[in-house]
Amino acid sequence: WLPTVAPSQELLRWARRRDTDDPKVWNAFIRRYRTEMKKTEARQTILMLAALTKRTPISVGCYCPGSHCHRFVLEKLIRRAAAEKF
């Protein structure tokens, strides 16, 4: 578990009070999560993970059920950083 790339407790509380199956809510969650990942510590962690992927495969996992999970967004952020598009 890397708390620096996990959604904040505040964002998770926000999401739990809403229906994340609603596309508008889910898109708002994604926007907020991406904003959190632009902060220095999260950004540096993503860059480190991207650098690591150039040497060895990594896996991104989470306990969230289904397709509505931040791990898919995190994977894209890591891939973009690895391609130097972060």
# chains A, B, ... in the order shown; residues from 1 in each chain; ligands from 1
$ residues_around --residues "Phe72 (chain A)" --least-positions-apart "5" --cutoff "10 Å" --atoms "only C-alpha atoms" --output "VMD selection string"
chain A and resid 60 to 62 67 77 to 78
$ write_last_selection --atoms "N, CA, C and O atoms" --output "mmCIF file, in the first residue's frame"
data_model
loop_
_atom_site.group_PDB
_atom_site.id
_atom_site.type_symbol
_atom_site.label_atom_id
_atom_site.label_comp_id
_atom_site.auth_asym_id
_atom_site.auth_seq_id
_atom_site.Cartn_x
_atom_site.Cartn_y
_atom_site.Cartn_z
ATOM 1 N N VAL A 60 -0.546 -2.872 -10.123
ATOM 2 C CA VAL A 60 -1.323 -1.912 -9.343
ATOM 3 C C VAL A 60 -2.594 -2.639 -8.925
ATOM 4 O O VAL A 60 -3.375 -3.062 -9.765
ATOM 5 N N GLY A 61 -2.773 -2.787 -7.644
ATOM 6 C CA GLY A 61 -3.939 -3.489 -7.148
ATOM 7 C C GLY A 61 -4.703 -2.654 -6.139
ATOM 8 O O GLY A 61 -4.211 -1.641 -5.643
ATOM 9 N N CYS A 62 -5.910 -3.083 -5.850
ATOM 10 C CA CYS A 62 -6.746 -2.400 -4.881
ATOM 11 C C CYS A 62 -7.857 -3.343 -4.464
ATOM 12 O O CYS A 62 -8.126 -4.331 -5.139
ATOM 13 N N SER A 67 -15.151 -1.923 -11.891
ATOM 14 C CA SER A 67 -14.344 -1.041 -12.739
ATOM 15 C C SER A 67 -14.218 0.380 -12.206
ATOM 16 O O SER A 67 -13.424 1.154 -12.710
ATOM 17 N N LEU A 77 -1.727 7.188 -15.154
ATOM 18 C CA LEU A 77 -0.778 8.222 -14.740
ATOM 19 C C LEU A 77 0.652 7.684 -14.756
ATOM 20 O O LEU A 77 1.584 8.373 -15.201
ATOM 21 N N ILE A 78 0.826 6.449 -14.301
ATOM 22 C CA ILE A 78 2.159 5.834 -14.313
ATOM 23 C C ILE A 78 2.633 5.618 -15.743
ATOM 24 O O ILE A 78 3.786 5.917 -16.083
#
$ residues_around --residues "Arg32 (chain A)" --least-positions-apart "5" --cutoff "10 Å" --atoms "only C-alpha atoms" --output "MDAnalysis selection string"
chainID A and resid 7:8 11 26:27 37
$ residues_around --residues "Glu10 (chain A)" --least-positions-apart "5" --cutoff "12 Å" --atoms "only C-alpha atoms" --output "JSON, numbers by chain"
{"A": [15, 16, 17, 29, 32, 33, 36]}
$ atom_distance --atom1 "CA of Gln9 (chain A)" --atom2 "CA of Arg43 (chain A)"
17.9 Å
$ atom_distance --atom1 "CA of Pro3 (chain A)" --atom2 "CA of His68 (chain A)"
18.7 Å
$ residues_around --residues "Thr45 (chain A)" --least-positions-apart "3" --cutoff "10 Å" --atoms "only C-alpha atoms" --output "VMD selection string"
chain A and resid 2 to 5 37 40 to 42 48 to 51 78
$ atom_distance --atom1 "CA of Trp14 (chain A)" --atom2 "CA of Arg31 (chain A)"
12.9 Å
$ closest_residue --among "A:Arg55, A:Gly66, A:Lys38, A:Ala6" --to "Thr20 (chain A)" --atoms "only C-alpha atoms"
A:Gly66
$ closest_residue --among "A:Ile30, A:Leu74, A:Asp22, A:Glu84" --to "Ile46 (chain A)" --atoms "only C-alpha atoms"
A:Leu74
$ select_by_dssp --residues "region 9-57 of chain A" --states "helix (DSSP H, G or I)" --output "PyMOL selection string"
chain A and resi 9-16+23-37+40-53
$ write_last_selection --atoms "N, CA, C and O atoms" --output "short mmCIF file (atom, residue, chain, number, x, y, z; two decimals), in the first residue's frame"
data_model
loop_
_atom_site.label_atom_id
_atom_site.label_comp_id
_atom_site.auth_asym_id
_atom_site.auth_seq_id
_atom_site.Cartn_x
_atom_site.Cartn_y
_atom_site.Cartn_z
N GLN A 9 -8.41 10.50 2.42
CA GLN A 9 -9.57 10.12 3.22
C GLN A 9 -10.75 11.04 2.93
O GLN A 9 -11.89 10.60 2.88
N GLU A 10 -10.45 12.31 2.74
CA GLU A 10 -11.51 13.28 2.43
C GLU A 10 -12.21 12.92 1.12
O GLU A 10 -13.44 12.93 1.03
N LEU A 11 -11.43 12.58 0.09
CA LEU A 11 -12.02 12.22 -1.20
C LEU A 11 -12.81 10.91 -1.09
O LEU A 11 -13.90 10.79 -1.65
N LEU A 12 -12.29 9.95 -0.34
CA LEU A 12 -13.02 8.69 -0.16
C LEU A 12 -14.33 8.92 0.57
O LEU A 12 -15.36 8.34 0.20
N ARG A 13 -14.31 9.76 1.60
CA ARG A 13 -15.57 10.08 2.31
C ARG A 13 -16.56 10.73 1.36
O ARG A 13 -17.75 10.42 1.37
N TRP A 14 -16.08 11.64 0.53
CA TRP A 14 -16.93 12.31 -0.45
C TRP A 14 -17.57 11.27 -1.38
O TRP A 14 -18.77 11.31 -1.62
N ALA A 15 -16.77 10.35 -1.86
CA ALA A 15 -17.26 9.34 -2.81
C ALA A 15 -18.25 8.38 -2.15
O ALA A 15 -19.24 8.00 -2.77
N ARG A 16 -18.00 8.02 -0.91
CA ARG A 16 -18.89 7.07 -0.22
C ARG A 16 -20.27 7.65 0.04
O ARG A 16 -21.23 6.90 0.20
N PRO A 23 -22.25 8.45 -13.81
CA PRO A 23 -21.07 8.93 -14.56
C PRO A 23 -20.59 10.33 -14.14
O PRO A 23 -19.39 10.58 -14.10
N LYS A 24 -21.51 11.22 -13.80
CA LYS A 24 -21.11 12.56 -13.38
C LYS A 24 -20.34 12.51 -12.06
O LYS A 24 -19.33 13.20 -11.90
N VAL A 25 -20.81 11.69 -11.15
CA VAL A 25 -20.14 11.55 -9.85
C VAL A 25 -18.77 10.89 -10.06
O VAL A 25 -17.76 11.35 -9.51
N TRP A 26 -18.75 9.83 -10.86
CA TRP A 26 -17.49 9.13 -11.09
C TRP A 26 -16.47 10.06 -11.76
O TRP A 26 -15.30 10.10 -11.37
N ASN A 27 -16.89 10.82 -12.74
CA ASN A 27 -15.98 11.76 -13.41
C ASN A 27 -15.48 12.83 -12.46
O ASN A 27 -14.31 13.24 -12.53
N ALA A 28 -16.33 13.28 -11.56
CA ALA A 28 -15.91 14.26 -10.55
C ALA A 28 -14.87 13.64 -9.62
O ALA A 28 -13.87 14.28 -9.27
N PHE A 29 -15.08 12.38 -9.24
CA PHE A 29 -14.11 11.68 -8.39
C PHE A 29 -12.76 11.60 -9.11
O PHE A 29 -11.72 11.90 -8.52
N ILE A 30 -12.80 11.20 -10.37
CA ILE A 30 -11.56 11.08 -11.16
C ILE A 30 -10.84 12.42 -11.23
O ILE A 30 -9.62 12.48 -11.05
N ARG A 31 -11.56 13.50 -11.50
CA ARG A 31 -10.94 14.83 -11.57
C ARG A 31 -10.29 15.19 -10.24
O ARG A 31 -9.15 15.67 -10.20
N ARG A 32 -10.99 14.93 -9.15
CA ARG A 32 -10.44 15.25 -7.83
C ARG A 32 -9.21 14.39 -7.52
O ARG A 32 -8.23 14.88 -6.96
N TYR A 33 -9.28 13.12 -7.89
CA TYR A 33 -8.14 12.22 -7.65
C TYR A 33 -6.93 12.68 -8.46
O TYR A 33 -5.81 12.75 -7.95
N ARG A 34 -7.14 13.00 -9.73
CA ARG A 34 -6.02 13.48 -10.57
C ARG A 34 -5.41 14.76 -9.98
O ARG A 34 -4.20 14.94 -10.02
N THR A 35 -6.23 15.63 -9.45
CA THR A 35 -5.74 16.85 -8.82
C THR A 35 -4.86 16.50 -7.62
O THR A 35 -3.79 17.07 -7.43
N GLU A 36 -5.31 15.53 -6.82
CA GLU A 36 -4.50 15.09 -5.68
C GLU A 36 -3.16 14.52 -6.15
O GLU A 36 -2.13 14.73 -5.50
N MET A 37 -3.16 13.83 -7.26
CA MET A 37 -1.93 13.19 -7.75
C MET A 37 -0.94 14.18 -8.35
O MET A 37 0.21 13.84 -8.62
N THR A 40 3.09 17.41 -4.96
CA THR A 40 4.50 17.02 -5.04
C THR A 40 4.78 15.59 -4.63
O THR A 40 5.39 14.83 -5.39
N GLU A 41 4.34 15.19 -3.45
CA GLU A 41 4.67 13.85 -2.97
C GLU A 41 4.07 12.76 -3.85
O GLU A 41 4.74 11.79 -4.20
N ALA A 42 2.82 12.92 -4.25
CA ALA A 42 2.17 11.95 -5.13
C ALA A 42 2.85 11.93 -6.49
O ALA A 42 3.13 10.86 -7.05
N ARG A 43 3.11 13.11 -7.04
CA ARG A 43 3.76 13.20 -8.35
C ARG A 43 5.12 12.53 -8.34
O ARG A 43 5.48 11.78 -9.25
N GLN A 44 5.90 12.76 -7.29
CA GLN A 44 7.22 12.15 -7.19
C GLN A 44 7.12 10.63 -7.07
O GLN A 44 7.94 9.90 -7.64
N THR A 45 6.13 10.14 -6.35
CA THR A 45 5.93 8.70 -6.23
C THR A 45 5.56 8.10 -7.59
O THR A 45 6.07 7.05 -7.97
N ILE A 46 4.69 8.77 -8.31
CA ILE A 46 4.30 8.29 -9.65
C ILE A 46 5.52 8.27 -10.57
O ILE A 46 5.73 7.31 -11.31
N LEU A 47 6.34 9.31 -10.51
CA LEU A 47 7.55 9.33 -11.34
C LEU A 47 8.51 8.21 -10.96
O LEU A 47 9.13 7.59 -11.83
N MET A 48 8.62 7.91 -9.68
CA MET A 48 9.47 6.81 -9.23
C MET A 48 8.92 5.48 -9.73
O MET A 48 9.67 4.62 -10.21
N LEU A 49 7.61 5.29 -9.64
CA LEU A 49 7.00 4.06 -10.14
C LEU A 49 7.19 3.93 -11.65
O LEU A 49 7.47 2.85 -12.16
N ALA A 50 7.07 5.05 -12.35
CA ALA A 50 7.28 5.04 -13.80
C ALA A 50 8.71 4.64 -14.13
O ALA A 50 8.94 3.84 -15.05
N ALA A 51 9.66 5.16 -13.39
CA ALA A 51 11.06 4.80 -13.61
C ALA A 51 11.28 3.31 -13.33
O ALA A 51 12.01 2.63 -14.06
N LEU A 52 10.64 2.81 -12.30
CA LEU A 52 10.76 1.41 -11.94
C LEU A 52 10.22 0.50 -13.05
O LEU A 52 10.79 -0.55 -13.33
N THR A 53 9.14 0.93 -13.71
CA THR A 53 8.55 0.11 -14.77
C THR A 53 9.49 -0.05 -15.96
O THR A 53 9.31 -0.98 -16.75
#
